[in-house]
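Report on the following structure.
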Amino acid sequence: MRVFKLVVHHSASPRDTTSVADITRWHRERGFSGIGYHKVILGSGQIQAGRSESMMGAHALGANQNSLGVCLTGNFENETPSAGQITSLVTVLKDWCRQHSLGVNAIYGHYNVPGGRTATACPGKNLKSLFEDIKQRVQSSTPRYKIETKVKDSSVKAALHRALADDGRLSFDEVKGLITATMDGGGTDAQEIADLQAILVNSRSMDSRSRQLVDQFVRFTPRTTPTPAPSRPTGNQLTANFKLGEFACNDGTPVPDSLRSNVQELAENLQVLRDAVGQPIHINSGYRTPNYNRAVGGVSNSQHLLAKAGDIRFGSMKPSDVRSRILSLIGEGKMKQGGVGLYRTFVHYDIRGTKARWSKV
């Protein structure tokens, strides 16, 4: 799982008596498969593992995709975190920042995580008040990004400095310029390309259109040593049950290499659905070329053109039941928010990242 956000929570329960087993039980009672957090920090400061970090969590509705969640036991609206908990929280966040090439701007409380759809006070006022100190302690041992770069274009340089400072909103064209520098080198060395990538992922000084562009083109493979260019999955097997060929256009055109990361993410979400239902999924339509999309009457901005959509069916389930299961999994944070359309013989699902619903029945 590619990680762009680190989310801090409190359990909203007694600090010194709440256990991982308690949280797991509460989450299962809510219909989760198990604990939704990736780490839990007990009142003593002990760090305990939760959900596997390779799996999408269930801790911040609307923001579970590409995020890791850590929960401190306690209700920090009316009590305070222990010194041991704060020390352990800094340790967890430092480790995650190093592992996923993130800066401290990637650290959020549940209440203000981008994309979150739940109004909440989590992680409580008495932990929120410590956030700036926590970030400073994390940053003190996290490699800082370079200000100097060999990029020659003055407008790209200016955008880079503004993104680093996070003090001005980047225009769409500036973001495109930075992406170009990361994709073709732009005269930079390997370390500088990695810095550019990290800046793009972590900068909050851009609008939603620019953020969508970044999410589409800038990808990381978590490593301790940055690599010079975004890596893409290889081979035909996308997940345990989906192969790349299943998403090829129905006119025989394979998914372009440039869209491989999109179809990979789509397959990972459909794998969650398949595992939940326990039956094979048939892909009626995956990627579409522009010509094929026009021929079948697809809309001009179809997610199929980006290899982000699948028209699917199960052999023994009605489309309405399939839709209901997808909506349930999205609500639980297990599948990515996107478009869900009901048709007479199939269901459309896409990973556009914003909510869209329709019915053609």
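Letters A, B, ... mark the chains of the structure tokens in the order given; residue numbers begin at 1 per chain; ligand numbers begin at 1, in order shown.
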
Which neighbours of Leu6 in chain A fall inside 12 Å, counting only C-alpha atoms, when residues of the same chain fewer than 5 positions from it are skipped, and could you give them as a ChimeraX atom specification? /A:37-39,53,57,59-60,63-71,89-90,92-97,99-110,112-114,135,202

Any chance you could export the current selection's C-alpha atoms as a PDB file, in the first residue's frame?
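Just written: again_0.pdb:
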ATOM      1  CA  TYR A  37      -5.661   0.952  13.506  1.00  0.00           C
ATOM      2  CA  HIS A  38      -2.172  -0.092  12.397  1.00  0.00           C
ATOM      3  CA  LYS A  39      -0.545   0.712  15.775  1.00  0.00           C
ATOM      4  CA  GLU A  53       0.593  -2.046   7.576  1.00  0.00           C
ATOM      5  CA  GLY A  57      -6.959   0.582   7.619  1.00  0.00           C
ATOM      6  CA  HIS A  59      -9.779   4.334  11.130  1.00  0.00           C
ATOM      7  CA  ALA A  60     -10.768   7.542   9.267  1.00  0.00           C
ATOM      8  CA  ALA A  63      -9.354   8.938   4.310  1.00  0.00           C
ATOM      9  CA  ASN A  64      -8.348   5.309   4.830  1.00  0.00           C
ATOM     10  CA  GLN A  65      -6.881   4.953   1.360  1.00  0.00           C
ATOM     11  CA  ASN A  66      -3.091   5.509   1.418  1.00  0.00           C
ATOM     12  CA  SER A  67      -2.957   6.276   5.154  1.00  0.00           C
ATOM     13  CA  LEU A  68      -1.706   4.636   8.344  1.00  0.00           C
ATOM     14  CA  GLY A  69      -3.490   5.089  11.664  1.00  0.00           C
ATOM     15  CA  VAL A  70      -2.033   5.087  15.184  1.00  0.00           C
ATOM     16  CA  CYS A  71      -4.279   5.185  18.272  1.00  0.00           C
ATOM     17  CA  LEU A  89       4.081   8.305  19.337  1.00  0.00           C
ATOM     18  CA  VAL A  90       7.150  10.257  18.206  1.00  0.00           C
ATOM     19  CA  VAL A  92       6.108   5.511  15.533  1.00  0.00           C
ATOM     20  CA  LEU A  93       5.775   8.671  13.448  1.00  0.00           C
ATOM     21  CA  LYS A  94       9.553   8.925  12.914  1.00  0.00           C
ATOM     22  CA  ASP A  95       9.669   5.327  11.693  1.00  0.00           C
ATOM     23  CA  TRP A  96       6.739   5.803   9.326  1.00  0.00           C
ATOM     24  CA  CYS A  97       8.158   9.047   7.929  1.00  0.00           C
ATOM     25  CA  GLN A  99       9.826   4.181   5.707  1.00  0.00           C
ATOM     26  CA  HIS A 100       7.479   6.105   3.400  1.00  0.00           C
ATOM     27  CA  SER A 101       9.628   9.156   2.528  1.00  0.00           C
ATOM     28  CA  LEU A 102       7.228  11.541   4.273  1.00  0.00           C
ATOM     29  CA  GLY A 103       7.680  14.906   5.946  1.00  0.00           C
ATOM     30  CA  VAL A 104       5.853  16.131   9.026  1.00  0.00           C
ATOM     31  CA  ASN A 105       3.172  17.792   6.859  1.00  0.00           C
ATOM     32  CA  ALA A 106       1.878  14.252   6.276  1.00  0.00           C
ATOM     33  CA  ILE A 107       0.933  13.958   9.984  1.00  0.00           C
ATOM     34  CA  TYR A 108      -2.698  14.742  10.862  1.00  0.00           C
ATOM     35  CA  GLY A 109      -5.163  14.349  13.667  1.00  0.00           C
ATOM     36  CA  HIS A 110      -8.332  12.424  12.818  1.00  0.00           C
ATOM     37  CA  ASN A 112      -8.416  17.393  10.140  1.00  0.00           C
ATOM     38  CA  VAL A 113      -7.186  14.592   7.882  1.00  0.00           C
ATOM     39  CA  PRO A 114      -7.787  15.483   4.203  1.00  0.00           C
ATOM     40  CA  LYS A 135       6.009  17.328  14.854  1.00  0.00           C
ATOM     41  CA  ASN A 202       3.489  16.205   1.074  1.00  0.00           C
TER      42      ASN A 202
END

I need the residues in range 9-85 of chain A that are strand (DSSP E or B) according to DSSP; give them as a ChimeraX atom specification. /A:9-10,39-41,47-49,67-72

Keeping all heavy atoms, export the residues of the selection given above as a tab-separated table (two decimals), in the first residue's frame.
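Output below, filename selection.tsv:
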chain	number	residue	atom	x	y	z
A	9	HIS	N	-4.99	9.13	16.44
A	9	HIS	CA	-6.30	8.98	17.08
A	9	HIS	C	-6.16	8.81	18.59
A	9	HIS	O	-5.07	8.48	19.08
A	9	HIS	CB	-7.01	7.72	16.56
A	9	HIS	CG	-7.22	7.68	15.08
A	9	HIS	ND1	-8.42	7.99	14.49
A	9	HIS	CD2	-6.38	7.32	14.07
A	9	HIS	CE1	-8.33	7.83	13.18
A	9	HIS	NE2	-7.10	7.43	12.90
A	10	HIS	N	-7.26	8.99	19.31
A	10	HIS	CA	-7.36	8.49	20.67
A	10	HIS	C	-8.51	7.48	20.71
A	10	HIS	O	-9.38	7.49	19.85
A	10	HIS	CB	-7.54	9.61	21.70
A	10	HIS	CG	-8.86	10.30	21.66
A	10	HIS	ND1	-9.31	11.14	22.65
A	10	HIS	CD2	-9.88	10.31	20.74
A	10	HIS	CE1	-10.50	11.61	22.37
A	10	HIS	NE2	-10.88	11.13	21.22
A	39	LYS	N	-1.31	0.77	14.52
A	39	LYS	CA	-0.55	0.71	15.77
A	39	LYS	C	-1.43	1.21	16.90
A	39	LYS	O	-2.28	2.09	16.70
A	39	LYS	CB	0.70	1.59	15.72
A	39	LYS	CG	1.75	1.19	14.70
A	39	LYS	CD	2.57	0.01	15.16
A	39	LYS	CE	3.74	-0.22	14.20
A	39	LYS	NZ	4.46	-1.49	14.53
A	40	VAL	N	-1.21	0.67	18.10
A	40	VAL	CA	-1.89	1.15	19.31
A	40	VAL	C	-0.82	1.41	20.36
A	40	VAL	O	0.11	0.61	20.54
A	40	VAL	CB	-2.90	0.12	19.84
A	40	VAL	CG1	-3.50	0.59	21.18
A	40	VAL	CG2	-4.02	-0.11	18.82
A	41	ILE	N	-0.93	2.57	21.05
A	41	ILE	CA	0.02	2.92	22.10
A	41	ILE	C	-0.74	2.94	23.42
A	41	ILE	O	-1.65	3.77	23.63
A	41	ILE	CB	0.69	4.27	21.82
A	41	ILE	CG1	1.42	4.23	20.48
A	41	ILE	CG2	1.65	4.64	22.94
A	41	ILE	CD1	2.02	5.55	20.06
A	47	ILE	N	4.07	0.05	22.68
A	47	ILE	CA	3.55	0.08	21.31
A	47	ILE	C	3.12	-1.33	20.92
A	47	ILE	O	3.91	-2.28	21.04
A	47	ILE	CB	4.63	0.57	20.32
A	47	ILE	CG1	5.10	1.98	20.70
A	47	ILE	CG2	4.10	0.56	18.89
A	47	ILE	CD1	6.34	2.43	19.94
A	48	GLN	N	1.88	-1.48	20.49
A	48	GLN	CA	1.39	-2.79	20.07
A	48	GLN	C	0.89	-2.73	18.63
A	48	GLN	O	0.36	-1.70	18.19
A	48	GLN	CB	0.28	-3.27	21.00
A	48	GLN	CG	0.77	-3.51	22.42
A	48	GLN	CD	-0.16	-4.42	23.22
A	48	GLN	OE1	-1.28	-4.69	22.83
A	48	GLN	NE2	0.33	-4.90	24.35
A	49	ALA	N	1.08	-3.82	17.91
A	49	ALA	CA	0.68	-3.88	16.51
A	49	ALA	C	-0.82	-4.05	16.39
A	49	ALA	O	-1.46	-4.71	17.22
A	49	ALA	CB	1.39	-5.05	15.81
A	67	SER	N	-3.30	5.69	3.86
A	67	SER	CA	-2.96	6.28	5.15
A	67	SER	C	-2.69	5.17	6.17
A	67	SER	O	-3.17	4.04	6.02
A	67	SER	CB	-4.08	7.18	5.66
A	67	SER	OG	-5.22	6.43	6.04
A	68	LEU	N	-1.92	5.51	7.20
A	68	LEU	CA	-1.71	4.64	8.34
A	68	LEU	C	-2.29	5.32	9.57
A	68	LEU	O	-2.20	6.55	9.72
A	68	LEU	CB	-0.21	4.38	8.56
A	68	LEU	CG	0.51	3.57	7.48
A	68	LEU	CD1	2.01	3.52	7.77
A	68	LEU	CD2	-0.04	2.15	7.37
A	69	GLY	N	-2.87	4.53	10.47
A	69	GLY	CA	-3.49	5.09	11.66
A	69	GLY	C	-2.85	4.56	12.94
A	69	GLY	O	-2.62	3.35	13.06
A	70	VAL	N	-2.55	5.46	13.87
A	70	VAL	CA	-2.03	5.09	15.18
A	70	VAL	C	-2.99	5.63	16.23
A	70	VAL	O	-3.43	6.77	16.15
A	70	VAL	CB	-0.60	5.61	15.41
A	70	VAL	CG1	-0.50	7.11	15.20
A	70	VAL	CG2	-0.09	5.22	16.81
A	71	CYS	N	-3.32	4.80	17.23
A	71	CYS	CA	-4.28	5.18	18.27
A	71	CYS	C	-3.62	5.12	19.64
A	71	CYS	O	-2.99	4.11	19.99
A	71	CYS	CB	-5.49	4.25	18.24
A	71	CYS	SG	-6.70	4.60	19.53
A	72	LEU	N	-3.73	6.20	20.39
A	72	LEU	CA	-3.30	6.21	21.78
A	72	LEU	C	-4.53	5.92	22.65
A	72	LEU	O	-5.59	6.53	22.46
A	72	LEU	CB	-2.73	7.58	22.17
A	72	LEU	CG	-1.31	7.91	21.71
A	72	LEU	CD1	-1.23	8.05	20.19
A	72	LEU	CD2	-0.82	9.19	22.39

Spatial neighbours of Gly338 in chain A, 7 Å, only C-alpha atoms, chain gap at least 4 places, as JSON, numbers by chain: {"A": [350, 351, 352, 353, 354, 355, 356]}

Which polymer residues have any atom within 7 Å of an atom of range 320-330 of chain A, counting only C-alpha atoms, with same-chain residues fewer than 3 positions away left out, as a list in words?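 The contact residues come out as Leu273, Met317, Gly333, Lys334, Met335, Lys336, Gln337, Leu342 and Val347 of chain A.
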
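Between Arg117 in chain A and the residues A:Leu130, A:Val175, A:Leu61, A:Leu270, the shortest atom-to-atom distance, using only C-alpha atoms, involves A:Leu61.
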
Give me the residues within 12 Å of Gly252 in chain A as a PyMOL selection string, counting only C-alpha atoms and dropping any in the same chain fewer than 2 places off. chain A and resi 245-250+254-256+285-289+292

Using only all heavy atoms, please write the residues we just selected to a file, as an mmCIF file, in the first residue's frame.
data_model
loop_
_atom_site.group_PDB
_atom_site.id
_atom_site.type_symbol
_atom_site.label_atom_id
_atom_site.label_comp_id
_atom_site.auth_asym_id
_atom_site.auth_seq_id
_atom_site.Cartn_x
_atom_site.Cartn_y
_atom_site.Cartn_z
ATOM 1 N N GLY A 245 -4.681 -8.743 -17.869
ATOM 2 C CA GLY A 245 -5.415 -8.994 -19.102
ATOM 3 C C GLY A 245 -6.920 -8.894 -18.957
ATOM 4 O O GLY A 245 -7.629 -8.599 -19.931
ATOM 5 N N GLU A 246 -7.435 -9.105 -17.732
ATOM 6 C CA GLU A 246 -8.878 -9.023 -17.513
ATOM 7 C C GLU A 246 -9.413 -7.602 -17.701
ATOM 8 O O GLU A 246 -10.606 -7.408 -17.925
ATOM 9 C CB GLU A 246 -9.227 -9.496 -16.099
ATOM 10 C CG GLU A 246 -8.946 -10.961 -15.838
ATOM 11 C CD GLU A 246 -9.290 -11.354 -14.421
ATOM 12 O OE1 GLU A 246 -10.500 -11.490 -14.122
ATOM 13 O OE2 GLU A 246 -8.367 -11.499 -13.591
ATOM 14 N N PHE A 247 -8.527 -6.608 -17.605
ATOM 15 C CA PHE A 247 -8.943 -5.215 -17.687
ATOM 16 C C PHE A 247 -8.643 -4.597 -19.051
ATOM 17 O O PHE A 247 -8.842 -3.393 -19.247
ATOM 18 C CB PHE A 247 -8.256 -4.398 -16.581
ATOM 19 C CG PHE A 247 -8.644 -4.822 -15.196
ATOM 20 C CD1 PHE A 247 -7.938 -5.825 -14.536
ATOM 21 C CD2 PHE A 247 -9.721 -4.249 -14.552
ATOM 22 C CE1 PHE A 247 -8.292 -6.227 -13.257
ATOM 23 C CE2 PHE A 247 -10.087 -4.649 -13.273
ATOM 24 C CZ PHE A 247 -9.370 -5.636 -12.627
ATOM 25 N N ALA A 248 -8.167 -5.413 -20.004
ATOM 26 C CA ALA A 248 -7.891 -4.901 -21.345
ATOM 27 C C ALA A 248 -9.180 -4.424 -22.011
ATOM 28 O O ALA A 248 -10.281 -4.876 -21.674
ATOM 29 C CB ALA A 248 -7.231 -5.979 -22.194
ATOM 30 N N CYS A 249 -9.030 -3.481 -22.957
ATOM 31 C CA CYS A 249 -10.195 -2.992 -23.689
ATOM 32 C C CYS A 249 -10.840 -4.138 -24.458
ATOM 33 O O CYS A 249 -10.150 -5.047 -24.950
ATOM 34 C CB CYS A 249 -9.771 -1.872 -24.637
ATOM 35 S SG CYS A 249 -11.131 -1.136 -25.569
ATOM 36 N N ASN A 250 -12.146 -4.104 -24.601
ATOM 37 C CA ASN A 250 -12.855 -5.168 -25.319
ATOM 38 C C ASN A 250 -12.556 -5.193 -26.810
ATOM 39 O O ASN A 250 -12.969 -6.128 -27.499
ATOM 40 C CB ASN A 250 -14.358 -5.038 -25.093
ATOM 41 C CG ASN A 250 -14.760 -5.470 -23.687
ATOM 42 O OD1 ASN A 250 -14.055 -6.231 -23.030
ATOM 43 N ND2 ASN A 250 -15.891 -4.964 -23.208
ATOM 44 N N PRO A 254 -4.458 -3.641 -24.943
ATOM 45 C CA PRO A 254 -4.083 -3.830 -23.540
ATOM 46 C C PRO A 254 -4.066 -2.500 -22.791
ATOM 47 O O PRO A 254 -4.034 -1.422 -23.396
ATOM 48 C CB PRO A 254 -2.675 -4.425 -23.634
ATOM 49 C CG PRO A 254 -2.136 -3.943 -24.938
ATOM 50 C CD PRO A 254 -3.324 -3.870 -25.869
ATOM 51 N N VAL A 255 -4.085 -2.577 -21.479
ATOM 52 C CA VAL A 255 -3.978 -1.371 -20.656
ATOM 53 C C VAL A 255 -2.606 -0.747 -20.897
ATOM 54 O O VAL A 255 -1.583 -1.425 -20.762
ATOM 55 C CB VAL A 255 -4.154 -1.692 -19.165
ATOM 56 C CG1 VAL A 255 -3.973 -0.432 -18.320
ATOM 57 C CG2 VAL A 255 -5.513 -2.324 -18.905
ATOM 58 N N PRO A 256 -2.526 0.545 -21.252
ATOM 59 C CA PRO A 256 -1.221 1.183 -21.472
ATOM 60 C C PRO A 256 -0.360 1.169 -20.213
ATOM 61 O O PRO A 256 -0.879 1.239 -19.094
ATOM 62 C CB PRO A 256 -1.596 2.625 -21.860
ATOM 63 C CG PRO A 256 -3.015 2.557 -22.312
ATOM 64 C CD PRO A 256 -3.646 1.464 -21.504
ATOM 65 N N SER A 285 -16.258 -4.836 -18.544
ATOM 66 C CA SER A 285 -15.531 -3.782 -19.234
ATOM 67 C C SER A 285 -14.566 -3.132 -18.259
ATOM 68 O O SER A 285 -14.962 -2.761 -17.155
ATOM 69 C CB SER A 285 -16.498 -2.724 -19.795
ATOM 70 O OG SER A 285 -15.808 -1.676 -20.443
ATOM 71 N N GLY A 286 -13.294 -3.025 -18.663
ATOM 72 C CA GLY A 286 -12.290 -2.366 -17.844
ATOM 73 C C GLY A 286 -11.790 -1.111 -18.548
ATOM 74 O O GLY A 286 -12.516 -0.146 -18.703
ATOM 75 N N TYR A 287 -10.531 -1.169 -19.002
ATOM 76 C CA TYR A 287 -9.985 -0.041 -19.754
ATOM 77 C C TYR A 287 -10.697 0.097 -21.100
ATOM 78 O O TYR A 287 -11.107 -0.902 -21.706
ATOM 79 C CB TYR A 287 -8.488 -0.262 -19.992
ATOM 80 C CG TYR A 287 -7.887 0.679 -21.005
ATOM 81 C CD1 TYR A 287 -7.805 2.042 -20.752
ATOM 82 C CD2 TYR A 287 -7.422 0.201 -22.229
ATOM 83 C CE1 TYR A 287 -7.264 2.906 -21.699
ATOM 84 C CE2 TYR A 287 -6.873 1.056 -23.174
ATOM 85 C CZ TYR A 287 -6.804 2.417 -22.897
ATOM 86 O OH TYR A 287 -6.280 3.268 -23.844
ATOM 87 N N ARG A 288 -10.862 1.355 -21.550
ATOM 88 C CA ARG A 288 -11.411 1.622 -22.884
ATOM 89 C C ARG A 288 -10.510 2.607 -23.626
ATOM 90 O O ARG A 288 -10.088 3.616 -23.039
ATOM 91 C CB ARG A 288 -12.818 2.223 -22.809
ATOM 92 C CG ARG A 288 -13.895 1.299 -22.284
ATOM 93 C CD ARG A 288 -15.216 2.056 -22.207
ATOM 94 N NE ARG A 288 -16.267 1.284 -21.564
ATOM 95 C CZ ARG A 288 -17.432 1.810 -21.173
ATOM 96 N NH1 ARG A 288 -17.671 3.110 -21.375
ATOM 97 N NH2 ARG A 288 -18.347 1.058 -20.593
ATOM 98 N N THR A 289 -10.245 2.339 -24.879
ATOM 99 C CA THR A 289 -9.589 3.328 -25.727
ATOM 100 C C THR A 289 -10.607 4.430 -26.044
ATOM 101 O O THR A 289 -11.820 4.199 -25.957
ATOM 102 C CB THR A 289 -9.110 2.706 -27.045
ATOM 103 O OG1 THR A 289 -10.263 2.244 -27.778
ATOM 104 C CG2 THR A 289 -8.166 1.538 -26.793
ATOM 105 N N TYR A 292 -13.053 3.198 -28.723
ATOM 106 C CA TYR A 292 -14.004 2.187 -28.254
ATOM 107 C C TYR A 292 -15.030 2.839 -27.315
ATOM 108 O O TYR A 292 -16.223 2.517 -27.370
ATOM 109 C CB TYR A 292 -13.274 1.058 -27.525
ATOM 110 C CG TYR A 292 -14.201 -0.067 -27.116
ATOM 111 C CD1 TYR A 292 -14.598 -1.048 -28.020
ATOM 112 C CD2 TYR A 292 -14.709 -0.127 -25.813
ATOM 113 C CE1 TYR A 292 -15.459 -2.066 -27.646
ATOM 114 C CE2 TYR A 292 -15.575 -1.139 -25.426
ATOM 115 C CZ TYR A 292 -15.948 -2.104 -26.356
ATOM 116 O OH TYR A 292 -16.817 -3.101 -25.976
#

If you measure from CA of Thr80 in chain A to CA of Asn126 in chain A, what distance in Å do you get, rounded to one decimal? 5.7 Å
